[in-house]
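Shown here: query32.cif, mmCIF, C-alpha atoms and all ligand atoms.
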```cif
data_input
#
loop_
_atom_site.group_PDB
_atom_site.id
_atom_site.type_symbol
_atom_site.label_atom_id
_atom_site.label_comp_id
_atom_site.auth_asym_id
_atom_site.auth_seq_id
_atom_site.Cartn_x
_atom_site.Cartn_y
_atom_site.Cartn_z
ATOM 1 C CA MET A 232 23.996 -5.426 -2.726
ATOM 2 C CA GLU A 233 24.358 -4.920 -6.452
ATOM 3 C CA PHE A 234 21.722 -2.538 -7.817
ATOM 4 C CA VAL A 235 20.179 -5.196 -10.086
ATOM 5 C CA ASP A 236 19.938 -7.620 -7.160
ATOM 6 C CA VAL A 237 18.192 -5.004 -5.030
ATOM 7 C CA LEU A 238 15.782 -4.252 -7.859
ATOM 8 C CA THR A 239 14.914 -7.862 -8.607
ATOM 9 C CA SER A 240 14.783 -9.115 -5.028
ATOM 10 C CA ARG A 241 12.414 -6.438 -3.704
ATOM 11 C CA ARG A 242 8.972 -7.942 -3.369
ATOM 12 C CA SER A 243 5.941 -6.956 -1.323
ATOM 13 C CA ILE A 244 6.306 -8.437 2.146
ATOM 14 C CA ARG A 245 3.137 -9.546 3.917
ATOM 15 C CA ALA A 246 4.514 -11.185 7.070
ATOM 16 C CA PHE A 247 6.942 -9.376 9.359
ATOM 17 C CA ALA A 248 8.968 -10.249 12.446
ATOM 18 C CA ASP A 249 8.291 -8.079 15.497
ATOM 19 C CA THR A 250 11.930 -6.899 15.575
ATOM 20 C CA PRO A 251 11.797 -3.094 15.707
ATOM 21 C CA VAL A 252 13.357 -0.962 12.981
ATOM 22 C CA PRO A 253 16.090 1.099 14.699
ATOM 23 C CA ASP A 254 15.564 4.879 14.460
ATOM 24 C CA ALA A 255 18.938 5.315 12.744
ATOM 25 C CA VAL A 256 17.963 2.808 10.034
ATOM 26 C CA LEU A 257 14.611 4.477 9.414
ATOM 27 C CA GLU A 258 16.260 7.884 9.241
ATOM 28 C CA ARG A 259 18.791 6.542 6.720
ATOM 29 C CA LEU A 260 16.073 4.978 4.532
ATOM 30 C CA LEU A 261 14.047 8.185 4.458
ATOM 31 C CA GLY A 262 17.199 10.161 3.689
ATOM 32 C CA ARG A 263 17.994 7.856 0.777
ATOM 33 C CA ALA A 264 14.439 8.145 -0.519
ATOM 34 C CA LEU A 265 14.876 11.921 -0.490
ATOM 35 C CA GLU A 266 17.557 11.503 -3.175
ATOM 36 C CA SER A 267 14.636 10.899 -5.590
ATOM 37 C CA PRO A 268 13.897 13.293 -8.398
ATOM 38 C CA SER A 269 10.706 15.345 -8.197
ATOM 39 C CA TRP A 270 8.914 18.005 -10.207
ATOM 40 C CA SER A 271 11.124 21.147 -9.968
ATOM 41 C CA ASN A 272 12.609 19.515 -6.887
ATOM 42 C CA THR A 273 9.435 20.403 -4.976
ATOM 43 C CA GLN A 274 9.473 17.098 -3.037
ATOM 44 C CA PRO A 275 5.710 17.428 -2.565
ATOM 45 C CA TYR A 276 5.241 14.733 0.078
ATOM 46 C CA LYS A 277 5.108 14.273 3.823
ATOM 47 C CA VAL A 278 5.286 11.065 5.826
ATOM 48 C CA ALA A 279 3.654 10.094 9.120
ATOM 49 C CA VAL A 280 5.690 7.390 10.886
ATOM 50 C CA ALA A 281 3.647 5.156 13.183
ATOM 51 C CA GLN A 282 5.396 2.951 15.735
ATOM 52 C CA GLY A 283 4.804 1.677 19.273
ATOM 53 C CA ALA A 284 1.622 2.909 20.973
ATOM 54 C CA VAL A 285 0.532 5.013 17.974
ATOM 55 C CA LEU A 286 0.920 2.002 15.677
ATOM 56 C CA ASP A 287 -1.131 -0.143 18.081
ATOM 57 C CA ALA A 288 -3.879 2.472 18.280
ATOM 58 C CA LEU A 289 -4.034 2.763 14.484
ATOM 59 C CA LYS A 290 -4.034 -1.009 14.134
ATOM 60 C CA SER A 291 -7.050 -1.376 16.355
ATOM 61 C CA GLU A 292 -9.003 1.575 14.912
ATOM 62 C CA LEU A 293 -8.374 0.636 11.259
ATOM 63 C CA SER A 294 -9.200 -3.013 11.991
ATOM 64 C CA ARG A 295 -12.404 -1.978 13.749
ATOM 65 C CA ARG A 296 -13.431 0.093 10.748
ATOM 66 C CA PHE A 297 -12.548 -2.590 8.236
ATOM 67 C CA SER A 298 -14.479 -5.172 10.153
ATOM 68 C CA ALA A 299 -17.524 -2.856 10.382
ATOM 69 C CA VAL A 300 -17.366 -2.138 6.650
ATOM 70 C CA SER A 301 -17.047 -5.852 5.823
ATOM 71 C CA THR A 302 -20.167 -6.541 7.870
ATOM 72 C CA LEU A 303 -21.818 -3.668 6.093
ATOM 73 C CA GLN A 304 -20.968 -5.025 2.637
ATOM 74 C CA ARG A 305 -22.224 -8.511 3.383
ATOM 75 C CA GLY A 306 -25.066 -7.631 5.717
ATOM 76 C CA SER A 307 -28.736 -6.893 5.338
ATOM 77 C CA LEU A 308 -30.118 -3.412 4.794
ATOM 78 C CA ALA A 309 -30.871 -3.187 8.526
ATOM 79 C CA SER A 310 -27.274 -4.011 9.496
ATOM 80 C CA LYS A 311 -25.995 -1.440 6.985
ATOM 81 C CA VAL A 312 -28.235 1.256 8.427
ATOM 82 C CA LEU A 313 -27.184 0.282 11.938
ATOM 83 C CA ALA A 314 -23.488 0.319 11.069
ATOM 84 C CA THR A 315 -23.855 3.697 9.342
ATOM 85 C CA LEU A 316 -25.719 5.100 12.339
ATOM 86 C CA ARG A 317 -22.964 3.892 14.637
ATOM 87 C CA GLY A 318 -20.930 6.208 12.454
ATOM 88 C CA GLY A 319 -17.305 6.654 11.592
ATOM 89 C CA VAL A 320 -16.789 3.495 9.588
ATOM 90 C CA LEU A 321 -17.421 4.549 6.014
ATOM 91 C CA PRO A 322 -14.144 5.368 4.235
ATOM 92 C CA ASP A 323 -13.151 9.021 4.638
ATOM 93 C CA GLY A 324 -9.898 8.842 2.654
ATOM 94 C CA ASP A 325 -8.822 11.684 0.377
ATOM 95 C CA TYR A 326 -8.936 9.579 -2.782
ATOM 96 C CA LYS A 327 -11.692 7.245 -3.892
ATOM 97 C CA PRO A 328 -10.758 3.576 -3.501
ATOM 98 C CA ILE A 329 -10.727 1.561 -6.736
ATOM 99 C CA LEU A 330 -13.843 -0.567 -6.620
ATOM 100 C CA ARG A 331 -14.077 -1.571 -10.290
ATOM 101 C CA TYR A 332 -10.985 -2.251 -12.332
ATOM 102 C CA PRO A 333 -10.825 -1.278 -16.003
ATOM 103 C CA GLU A 334 -11.574 -4.338 -18.103
ATOM 104 C CA ASP A 335 -8.128 -4.468 -19.743
ATOM 105 C CA LEU A 336 -6.333 -4.386 -16.364
ATOM 106 C CA GLN A 337 -8.607 -6.874 -14.650
ATOM 107 C CA PRO A 338 -6.832 -10.057 -15.927
ATOM 108 C CA ARG A 339 -3.496 -9.078 -14.315
ATOM 109 C CA ARG A 340 -5.210 -8.006 -11.128
ATOM 110 C CA LEU A 341 -7.074 -11.320 -11.021
ATOM 111 C CA ALA A 342 -3.977 -13.422 -11.755
ATOM 112 C CA THR A 343 -2.102 -11.666 -8.936
ATOM 113 C CA GLY A 344 -4.949 -12.205 -6.463
ATOM 114 C CA VAL A 345 -5.374 -15.848 -7.464
ATOM 115 C CA GLY A 346 -1.609 -16.462 -7.152
ATOM 116 C CA LEU A 347 -1.452 -14.853 -3.702
ATOM 117 C CA TYR A 348 -4.463 -16.727 -2.297
ATOM 118 C CA LYS A 349 -3.212 -20.000 -3.784
ATOM 119 C CA LEU A 350 0.087 -19.559 -1.981
ATOM 120 C CA LEU A 351 -1.799 -18.807 1.234
ATOM 121 C CA GLY A 352 -3.957 -21.920 0.726
ATOM 122 C CA ILE A 353 -7.161 -19.860 0.593
ATOM 123 C CA PRO A 354 -9.819 -21.198 -1.833
ATOM 124 C CA ARG A 355 -11.386 -18.523 -4.069
ATOM 125 C CA ASP A 356 -14.863 -18.968 -2.612
ATOM 126 C CA ASP A 357 -13.752 -18.850 1.029
ATOM 127 C CA HIS A 358 -14.863 -15.291 1.740
ATOM 128 C CA VAL A 359 -14.188 -15.562 5.454
ATOM 129 C CA ALA A 360 -10.537 -16.509 4.930
ATOM 130 C CA ARG A 361 -10.172 -13.867 2.213
ATOM 131 C CA ASP A 362 -11.607 -11.197 4.500
ATOM 132 C CA ALA A 363 -9.241 -12.336 7.249
ATOM 133 C CA GLN A 364 -6.284 -11.960 4.890
ATOM 134 C CA MET A 365 -7.536 -8.541 3.742
ATOM 135 C CA ALA A 366 -7.869 -7.572 7.410
ATOM 136 C CA ARG A 367 -4.143 -8.223 7.862
ATOM 137 C CA ASN A 368 -3.546 -5.073 5.800
ATOM 138 C CA PHE A 369 -4.942 -3.062 8.702
ATOM 139 C CA ARG A 370 -2.603 -4.730 11.171
ATOM 140 C CA PHE A 371 0.290 -3.803 8.871
ATOM 141 C CA PHE A 372 1.021 -7.530 8.411
ATOM 142 C CA ASP A 373 2.476 -7.304 11.967
ATOM 143 C CA ALA A 374 5.215 -4.888 10.877
ATOM 144 C CA PRO A 375 6.713 -2.764 13.682
ATOM 145 C CA THR A 376 6.551 0.406 11.551
ATOM 146 C CA ALA A 377 3.930 1.862 9.256
ATOM 147 C CA LEU A 378 4.356 4.932 7.088
ATOM 148 C CA PHE A 379 1.477 7.041 5.786
ATOM 149 C CA VAL A 380 2.395 9.035 2.689
ATOM 150 C CA PHE A 381 0.683 12.361 1.986
ATOM 151 C CA VAL A 382 0.995 14.406 -1.201
ATOM 152 C CA HIS A 383 0.496 18.102 -1.877
ATOM 153 C CA GLU A 384 -2.777 18.500 -3.751
ATOM 154 C CA GLY A 385 -1.434 21.543 -5.639
ATOM 155 C CA LEU A 386 0.604 19.513 -8.158
ATOM 156 C CA GLY A 387 -2.234 17.171 -9.024
ATOM 157 C CA VAL A 388 -1.132 13.897 -10.554
ATOM 158 C CA TYR A 389 2.546 14.959 -10.482
ATOM 159 C CA SER A 390 2.571 14.884 -6.674
ATOM 160 C CA ALA A 391 1.518 11.249 -6.884
ATOM 161 C CA LEU A 392 4.175 10.577 -9.511
ATOM 162 C CA ASP A 393 6.847 12.143 -7.293
ATOM 163 C CA ALA A 394 5.618 10.221 -4.262
ATOM 164 C CA GLY A 395 5.726 6.999 -6.289
ATOM 165 C CA ILE A 396 9.356 7.578 -7.187
ATOM 166 C CA PHE A 397 10.098 8.445 -3.543
ATOM 167 C CA LEU A 398 8.397 5.241 -2.412
ATOM 168 C CA GLN A 399 10.290 3.050 -4.830
ATOM 169 C CA SER A 400 13.582 4.573 -3.636
ATOM 170 C CA LEU A 401 12.518 3.953 -0.058
ATOM 171 C CA MET A 402 11.537 0.351 -0.733
ATOM 172 C CA LEU A 403 14.756 -0.365 -2.622
ATOM 173 C CA ALA A 404 16.810 1.230 0.163
ATOM 174 C CA ALA A 405 14.900 -0.998 2.609
ATOM 175 C CA THR A 406 15.704 -4.112 0.556
ATOM 176 C CA ASP A 407 19.356 -3.111 0.487
ATOM 177 C CA GLU A 408 19.340 -3.030 4.319
ATOM 178 C CA GLY A 409 17.645 -6.437 4.640
ATOM 179 C CA LEU A 410 14.248 -4.941 5.402
ATOM 180 C CA GLY A 411 10.951 -5.687 3.709
ATOM 181 C CA SER A 412 8.120 -3.389 2.734
ATOM 182 C CA CYS A 413 4.616 -3.434 1.351
ATOM 183 C CA ALA A 414 3.035 -0.393 -0.273
ATOM 184 C CA GLN A 415 -0.646 -0.429 0.657
ATOM 185 C CA GLY A 416 -3.459 1.455 -0.995
ATOM 186 C CA ALA A 417 -5.673 -0.109 1.686
ATOM 187 C CA LEU A 418 -4.085 2.189 4.252
ATOM 188 C CA ALA A 419 -5.482 5.248 2.459
ATOM 189 C CA LEU A 420 -9.114 4.252 2.988
ATOM 190 C CA TRP A 421 -9.442 6.279 6.175
ATOM 191 C CA ARG A 422 -7.760 9.607 6.891
ATOM 192 C CA SER A 423 -9.344 10.462 10.239
ATOM 193 C CA PRO A 424 -7.623 7.728 12.310
ATOM 194 C CA VAL A 425 -4.216 8.969 11.109
ATOM 195 C CA GLU A 426 -5.263 12.570 11.731
ATOM 196 C CA ALA A 427 -6.066 11.667 15.337
ATOM 197 C CA HIS A 428 -2.322 11.159 15.906
ATOM 198 C CA PHE A 429 -0.552 13.521 13.495
ATOM 199 C CA ASP A 430 -0.845 17.196 12.508
ATOM 200 C CA ILE A 431 -1.487 16.995 8.777
ATOM 201 C CA PRO A 432 -1.943 20.157 6.694
ATOM 202 C CA ARG A 433 -5.337 20.029 4.897
ATOM 203 C CA HIS A 434 -3.684 20.446 1.486
ATOM 204 C CA TYR A 435 -1.692 17.239 1.984
ATOM 205 C CA LYS A 436 -3.740 14.247 0.884
ATOM 206 C CA LEU A 437 -3.320 10.654 2.021
ATOM 207 C CA LEU A 438 -2.017 8.654 -0.960
ATOM 208 C CA CYS A 439 -1.071 5.297 0.539
ATOM 209 C CA GLY A 440 0.661 3.549 3.398
ATOM 210 C CA VAL A 441 3.721 1.323 3.637
ATOM 211 C CA SER A 442 4.388 -1.430 6.157
ATOM 212 C CA LEU A 443 8.063 -1.740 6.958
ATOM 213 C CA GLY A 444 10.118 -4.226 8.949
ATOM 214 C CA TYR A 445 12.134 -7.414 8.849
ATOM 215 C CA PRO A 446 10.588 -10.133 6.657
ATOM 216 C CA LEU A 447 9.687 -13.550 8.040
ATOM 217 C CA ALA A 448 10.881 -16.538 6.003
ATOM 218 C CA VAL A 449 7.376 -17.778 5.121
ATOM 219 C CA PRO A 450 5.887 -18.787 1.744
ATOM 220 C CA VAL A 451 3.760 -15.642 1.307
ATOM 221 C CA ASN A 452 6.914 -13.547 1.230
ATOM 222 C CA GLY A 453 8.195 -15.599 -1.699
ATOM 223 C CA PHE A 454 5.276 -14.560 -3.905
ATOM 224 C CA ARG A 455 6.561 -13.215 -7.223
ATOM 225 C CA PRO A 456 3.684 -12.083 -9.413
ATOM 226 C CA GLU A 457 4.367 -12.223 -13.129
ATOM 227 C CA ARG A 458 5.591 -9.233 -15.062
ATOM 228 C CA ARG A 459 4.695 -8.323 -18.604
ATOM 229 C CA GLU A 460 7.114 -8.827 -21.468
ATOM 230 C CA VAL A 461 8.842 -5.646 -22.625
ATOM 231 C CA ALA A 462 7.198 -6.002 -26.049
ATOM 232 C CA GLU A 463 3.781 -5.825 -24.387
ATOM 233 C CA ILE A 464 4.256 -2.323 -23.054
ATOM 234 C CA LEU A 465 5.677 -0.908 -26.278
ATOM 235 C CA LEU A 466 3.266 1.072 -28.387
ATOM 236 C CA PRO A 467 3.319 0.201 -32.072
ATOM 237 C CA GLN A 468 4.410 2.971 -34.370
ATOM 238 C CA ARG A 469 1.649 4.200 -36.684
ATOM 239 C CA GLY A 470 1.820 2.482 -40.046
ATOM 240 C CA SER A 471 4.142 -0.279 -38.773
ATOM 241 C CA GLY A 472 1.444 -2.883 -39.371
ATOM 242 C CA LYS A 473 1.949 -4.304 -35.844
ATOM 243 C CA ALA A 474 -1.076 -4.803 -33.608
HETATM 244 C C1 LIG A 501 0.272 1.966 -4.858
HETATM 245 C C2 LIG A 501 0.269 0.519 -4.404
HETATM 246 C C3 LIG A 501 -0.764 0.067 -3.582
HETATM 247 C C4 LIG A 501 -0.749 -1.254 -3.111
HETATM 248 N N1 LIG A 501 -1.718 -1.660 -2.233
HETATM 249 C C5 LIG A 501 -1.622 -2.888 -1.660
HETATM 250 C C6 LIG A 501 -2.504 -3.247 -0.606
HETATM 251 O O1 LIG A 501 -3.376 -2.487 -0.183
HETATM 252 N N2 LIG A 501 -2.336 -4.476 -0.048
HETATM 253 C C7 LIG A 501 -1.366 -5.356 -0.471
HETATM 254 O O2 LIG A 501 -1.268 -6.461 0.091
HETATM 255 N N3 LIG A 501 -0.510 -5.031 -1.469
HETATM 256 C C8 LIG A 501 -0.610 -3.811 -2.054
HETATM 257 N N4 LIG A 501 0.292 -3.435 -3.024
HETATM 258 C C9 LIG A 501 1.337 -4.366 -3.474
HETATM 259 C C10 LIG A 501 1.046 -4.895 -4.887
HETATM 260 O O3 LIG A 501 0.048 -5.870 -4.823
HETATM 261 C C11 LIG A 501 2.357 -5.447 -5.435
HETATM 262 O O4 LIG A 501 3.277 -4.399 -5.595
HETATM 263 C C12 LIG A 501 2.173 -6.142 -6.810
HETATM 264 O O5 LIG A 501 1.337 -7.265 -6.687
HETATM 265 C C13 LIG A 501 3.535 -6.581 -7.368
HETATM 266 O O6 LIG A 501 4.176 -7.444 -6.452
HETATM 267 P P1 LIG A 501 5.591 -7.133 -5.807
HETATM 268 O O7 LIG A 501 5.509 -5.800 -5.094
HETATM 269 O O8 LIG A 501 5.818 -8.247 -4.834
HETATM 270 O O9 LIG A 501 6.594 -7.088 -6.896
HETATM 271 C C14 LIG A 501 0.292 -2.132 -3.517
HETATM 272 C C15 LIG A 501 1.312 -1.663 -4.344
HETATM 273 C C16 LIG A 501 1.323 -0.358 -4.778
HETATM 274 C C17 LIG A 501 2.470 0.144 -5.629
#
```
Could you express the structure from this file as structure tokens?
Amino acid sequence: MEFVDVLTSRRSIRAFADTPVPDAVLERLLGRALESPSWSNTQPYKVAVAQGAVLDALKSELSRRFSAVSTLQRGSLASKVLATLRGGVLPDGDYKPILRYPEDLQPRRLATGVGLYKLLGIPRDDHVARDAQMARNFRFFDAPTALFVFVHEGLGVYSALDAGIFLQSLMLAATDEGLGSCAQGALALWRSPVEAHFDIPRHYKLLCGVSLGYPLAVPVNGFRPERREVAEILLPQRGSGKA
């Protein structure tokens, strides 16, 4: 594919076929992602690849936790205490999930959510259907492969920057091979389930996950959330009189 076509056709995929991703393809994608630039070429990331039985185990444990937390959020004080006592469900990720969006970012976040749920035919006030869609995150949208991306804590924010560049390369390489992907902050809510299956150095922190596989031709995969105009991201020069 032409570079511009790869760039503009990559979109987050939220419905996958069960066709497995061949090992050679996965290896090639990761190798291409490693072409990415990074701070002093430190490449401060590590990736846990979940497939087959490990993927199934993670799917069921993450789904169990999400469902317990959802009950906890909606439930009475007694059910919250009970769920907490049962233990192991409260998020134990390395980074705090974003619960409140900054006011100036909220409109874009809202528009994206509204657009996605509209396409899925889920009314805004249907919390059950919205929870069910959210829960699909923890089943990797049925993808046959999930990646968990860890970053070295020693480079602070620059590790995350490097991992972001790595991820974009990976996702573009996937698009170029006819695969789909979805970066998922949701998959960083819990570290311990991933740690049950992989040896992860303590100084590597769970940044996010990515579902990877072959996209299904369904409406949700055609979702194209709006982008800002170039002029909107440009900062006005002091004294230019522009707002
Ligand atoms: C760091 C990061 C975290 C994300 N987390 C989620 C997630 O948890 N669940 C989800 O469905 N999409 C998630 N997304 C996908 C974004 O919603 C998506 O990139 C954005 O709406 C733009 O759409 P596009 O990727 O289709 O261009 C995430 C994307 C990024 C880069």
For range 364-381 of chain A, please output as an mmCIF file with C-alpha atoms, keeping the file's coordinate frame all residues within 6 Å (counting all atoms listed in the file; exclusion window: fewer than 3 positions along the same chain).
```cif
data_model
loop_
_atom_site.group_PDB
_atom_site.id
_atom_site.type_symbol
_atom_site.label_atom_id
_atom_site.label_comp_id
_atom_site.auth_asym_id
_atom_site.auth_seq_id
_atom_site.Cartn_x
_atom_site.Cartn_y
_atom_site.Cartn_z
ATOM 1 C CA ARG A 245 3.137 -9.546 3.917
ATOM 2 C CA ALA A 246 4.514 -11.185 7.070
ATOM 3 C CA PHE A 247 6.942 -9.376 9.359
ATOM 4 C CA ASP A 249 8.291 -8.079 15.497
ATOM 5 C CA PRO A 251 11.797 -3.094 15.707
ATOM 6 C CA TYR A 276 5.241 14.733 0.078
ATOM 7 C CA LYS A 277 5.108 14.273 3.823
ATOM 8 C CA VAL A 278 5.286 11.065 5.826
ATOM 9 C CA ALA A 279 3.654 10.094 9.120
ATOM 10 C CA VAL A 280 5.690 7.390 10.886
ATOM 11 C CA ALA A 281 3.647 5.156 13.183
ATOM 12 C CA GLN A 282 5.396 2.951 15.735
ATOM 13 C CA LYS A 290 -4.034 -1.009 14.134
ATOM 14 C CA LEU A 293 -8.374 0.636 11.259
ATOM 15 C CA SER A 294 -9.200 -3.013 11.991
ATOM 16 C CA ARG A 361 -10.172 -13.867 2.213
ATOM 17 C CA TYR A 435 -1.692 17.239 1.984
ATOM 18 C CA LYS A 436 -3.740 14.247 0.884
ATOM 19 C CA LEU A 437 -3.320 10.654 2.021
ATOM 20 C CA LEU A 438 -2.017 8.654 -0.960
ATOM 21 C CA CYS A 439 -1.071 5.297 0.539
ATOM 22 C CA GLY A 440 0.661 3.549 3.398
ATOM 23 C CA VAL A 441 3.721 1.323 3.637
ATOM 24 C CA SER A 442 4.388 -1.430 6.157
ATOM 25 C CA LEU A 443 8.063 -1.740 6.958
ATOM 26 C CA GLY A 444 10.118 -4.226 8.949
#
```
May I have the centre and edge lengths, in Å to one decimal, of an axis-aligned box around the listed atoms of ligand LIG 501 (chain A) with 5 Å added to every side, as lines of an AutoDock Vina configuration file?
```
center_x = 1.6
center_y = -3.1
center_z = -3.6
size_x = 20.0
size_y = 20.2
size_z = 17.5
```
Q: Please extract the residues at most 10 Å from ligand LIG 501 (chain A), counting only C-alpha atoms and all ligand atoms, and provide them as a VMD selection string, using the chain letters and residue numbers of this document.
A: chain A and resid 238 to 245 339 to 340 342 to 344 346 to 347 364 to 369 371 to 372 391 394 to 395 398 to 399 402 412 to 420 438 to 442 451 to 458
Under the PyMOL selection byres (((chain A and resi 232) around 12) and not hetatm), which residues of this model are included? Write them out as a PDB file with C-alpha atoms, keeping the file's coordinate frame.
```pdb
ATOM      1  CA  GLU A 233      24.358  -4.920  -6.452  1.00  0.00           C
ATOM      2  CA  PHE A 234      21.722  -2.538  -7.817  1.00  0.00           C
ATOM      3  CA  VAL A 235      20.179  -5.196 -10.086  1.00  0.00           C
ATOM      4  CA  ASP A 236      19.938  -7.620  -7.160  1.00  0.00           C
ATOM      5  CA  VAL A 237      18.192  -5.004  -5.030  1.00  0.00           C
ATOM      6  CA  LEU A 238      15.782  -4.252  -7.859  1.00  0.00           C
ATOM      7  CA  THR A 239      14.914  -7.862  -8.607  1.00  0.00           C
ATOM      8  CA  SER A 240      14.783  -9.115  -5.028  1.00  0.00           C
ATOM      9  CA  ARG A 241      12.414  -6.438  -3.704  1.00  0.00           C
ATOM     10  CA  LEU A 403      14.756  -0.365  -2.622  1.00  0.00           C
ATOM     11  CA  ALA A 404      16.810   1.230   0.163  1.00  0.00           C
ATOM     12  CA  ALA A 405      14.900  -0.998   2.609  1.00  0.00           C
ATOM     13  CA  THR A 406      15.704  -4.112   0.556  1.00  0.00           C
ATOM     14  CA  ASP A 407      19.356  -3.111   0.487  1.00  0.00           C
ATOM     15  CA  GLU A 408      19.340  -3.030   4.319  1.00  0.00           C
ATOM     16  CA  GLY A 409      17.645  -6.437   4.640  1.00  0.00           C
TER      17      GLY A 409
END
```
Q. Out of A:Glu334, A:Asp287, A:Asp254, A:Asp325, which residue has the shortest atom-to-atom distance to Val382 in chain A when counting all atoms listed in the file?
A. A:Asp325
Q. Please, what distance in Å, to one decimal, runs between CA of Thr273 in chain A and CA of Leu392 in chain A?
A. 12.0 Å
Q) Between CA of Gln304 in chain A and CA of Val359 in chain A, what is the spacing in Å? A) 12.8 Å
Generate N, CA and C atoms for range 416-430 of chain A and emit them as a PDB file, keeping the file's coordinate frame.
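As written to disk, selection19.pdb reads:
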```
ATOM      1  N   GLY A 416      -2.366   0.530  -0.717  1.00  0.00           N
ATOM      2  CA  GLY A 416      -3.459   1.455  -0.995  1.00  0.00           C
ATOM      3  C   GLY A 416      -4.525   1.334   0.083  1.00  0.00           C
ATOM      4  N   ALA A 417      -4.655   0.134   0.651  1.00  0.00           N
ATOM      5  CA  ALA A 417      -5.673  -0.109   1.686  1.00  0.00           C
ATOM      6  C   ALA A 417      -5.534   0.877   2.850  1.00  0.00           C
ATOM      7  N   LEU A 418      -4.307   1.310   3.097  1.00  0.00           N
ATOM      8  CA  LEU A 418      -4.085   2.189   4.252  1.00  0.00           C
ATOM      9  C   LEU A 418      -4.499   3.630   3.976  1.00  0.00           C
ATOM     10  N   ALA A 419      -5.007   3.891   2.762  1.00  0.00           N
ATOM     11  CA  ALA A 419      -5.482   5.248   2.459  1.00  0.00           C
ATOM     12  C   ALA A 419      -7.010   5.327   2.509  1.00  0.00           C
ATOM     13  N   LEU A 420      -7.651   4.246   2.944  1.00  0.00           N
ATOM     14  CA  LEU A 420      -9.114   4.252   2.988  1.00  0.00           C
ATOM     15  C   LEU A 420      -9.664   5.248   3.999  1.00  0.00           C
ATOM     16  N   TRP A 421      -8.971   5.370   5.120  1.00  0.00           N
ATOM     17  CA  TRP A 421      -9.442   6.279   6.175  1.00  0.00           C
ATOM     18  C   TRP A 421      -8.355   7.288   6.529  1.00  0.00           C
ATOM     19  N   ARG A 422      -8.703   8.559   6.508  1.00  0.00           N
ATOM     20  CA  ARG A 422      -7.760   9.607   6.891  1.00  0.00           C
ATOM     21  C   ARG A 422      -7.889   9.942   8.388  1.00  0.00           C
ATOM     22  N   SER A 423      -9.127   9.943   8.874  1.00  0.00           N
ATOM     23  CA  SER A 423      -9.344  10.462  10.239  1.00  0.00           C
ATOM     24  C   SER A 423      -8.566   9.711  11.331  1.00  0.00           C
ATOM     25  N   PRO A 424      -8.402   8.383  11.243  1.00  0.00           N
ATOM     26  CA  PRO A 424      -7.623   7.728  12.310  1.00  0.00           C
ATOM     27  C   PRO A 424      -6.171   8.206  12.347  1.00  0.00           C
ATOM     28  N   VAL A 425      -5.612   8.497  11.163  1.00  0.00           N
ATOM     29  CA  VAL A 425      -4.216   8.969  11.109  1.00  0.00           C
ATOM     30  C   VAL A 425      -4.163  10.395  11.654  1.00  0.00           C
ATOM     31  N   GLU A 426      -5.186  11.166  11.298  1.00  0.00           N
ATOM     32  CA  GLU A 426      -5.263  12.570  11.731  1.00  0.00           C
ATOM     33  C   GLU A 426      -5.405  12.690  13.253  1.00  0.00           C
ATOM     34  N   ALA A 427      -5.919  11.636  13.873  1.00  0.00           N
ATOM     35  CA  ALA A 427      -6.066  11.667  15.337  1.00  0.00           C
ATOM     36  C   ALA A 427      -4.691  11.676  16.019  1.00  0.00           C
ATOM     37  N   HIS A 428      -3.656  11.268  15.293  1.00  0.00           N
ATOM     38  CA  HIS A 428      -2.322  11.159  15.906  1.00  0.00           C
ATOM     39  C   HIS A 428      -1.279  12.106  15.320  1.00  0.00           C
ATOM     40  N   PHE A 429      -1.565  12.679  14.157  1.00  0.00           N
ATOM     41  CA  PHE A 429      -0.552  13.521  13.495  1.00  0.00           C
ATOM     42  C   PHE A 429      -1.187  14.839  13.042  1.00  0.00           C
ATOM     43  N   ASP A 430      -0.384  15.917  13.060  1.00  0.00           N
ATOM     44  CA  ASP A 430      -0.845  17.196  12.508  1.00  0.00           C
ATOM     45  C   ASP A 430      -0.583  17.174  11.013  1.00  0.00           C
TER      46      ASP A 430
END
```
